[in-house]
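Engineer: Have a look at this one before I ask anything.
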Amino acid sequence: MEVIFTDRFLDRVEECTDYIALDHVPTAVKWARGIFEQCQKLSDQPESGRIVPEFRRTEIREVIHGNYRLVYELKTNQIDMLTIWHTRSRISGPGDPHQDG
């Protein structure tokens, strides 16, 4: 299954990487690489992420990477990586998973 990175997801990767780089650039680079490696693993196991509890929709799922939630939408032939939330962020739901919390 193909993994598609939305503009919002890529923007959030960049924002988070820039923030981590303020403390330590090599850690930021390693973190960003890990994000994309974890996303690619979803192509073989698309249902491995849990259903996002705030939305309770089976097609909106997430995997955890460090302190971040990688939110994706499972479609018939592809996986859309939607956004990244910090695990401490409060997400109000039910709502639109296509909006950052």
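Letters A, B, ... mark the chains of the structure tokens in the order given; residue numbers begin at 1 per chain; ligand numbers begin at 1, in order shown.
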Against stretch 20-41 of chain A, which residues of stretch 55-79 of chain A fall within 10 Å? For each one I want the closest pair of atoms and the distance in Å (one decimal), counting only C-alpha atoms, rows by chain and increasing residue number, as CSV.
Structural biologist:
```
residue,atom,partner,partner_atom,distance
A:Val63,CA,A:Gln38,CA,8.3
A:Ile64,CA,A:Gln38,CA,9.1
A:His65,CA,A:Ile35,CA,6.9
A:Gly66,CA,A:Trp31,CA,8.5
A:Tyr68,CA,A:Ile35,CA,9.5
A:Leu70,CA,A:Ile35,CA,8.2
A:Val71,CA,A:Cys39,CA,9.9
A:Tyr72,CA,A:Cys39,CA,9.2
A:Ile79,CA,A:Cys39,CA,9.2
```
Engineer: Could you please write out, as number ranges by chain, every residue of chain A that DSSP assigns to alpha helix (DSSP H)?
Structural biologist: A: 7-21, 25-41
Engineer: Out of chain A, which residues get strand (DSSP E or B) from DSSP, as a list in words?
Structural biologist: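 Written out, the strand (DSSP E or B) residues of chain A are Glu2, Val3, Ile4, Phe5, Arg50, Ile51, Ile60, Arg61, Glu62, Val63, Ile64, His65, Tyr68, Arg69, Leu70, Val71, Tyr72, Glu73, Leu74, Gln78, Ile79, Asp80, Met81, Leu82, Thr83, Ile84, Trp85 and His86 of chain A.
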Engineer: Can you pull out the residues contacting A:Val13? Cut-off 9 Å, using only C-alpha atoms, and skip same-chain residues under 2 positions away; I want them as an MDAnalysis selection string.
Structural biologist: chainID A and resid 8:11 15:18 32 35 83:84
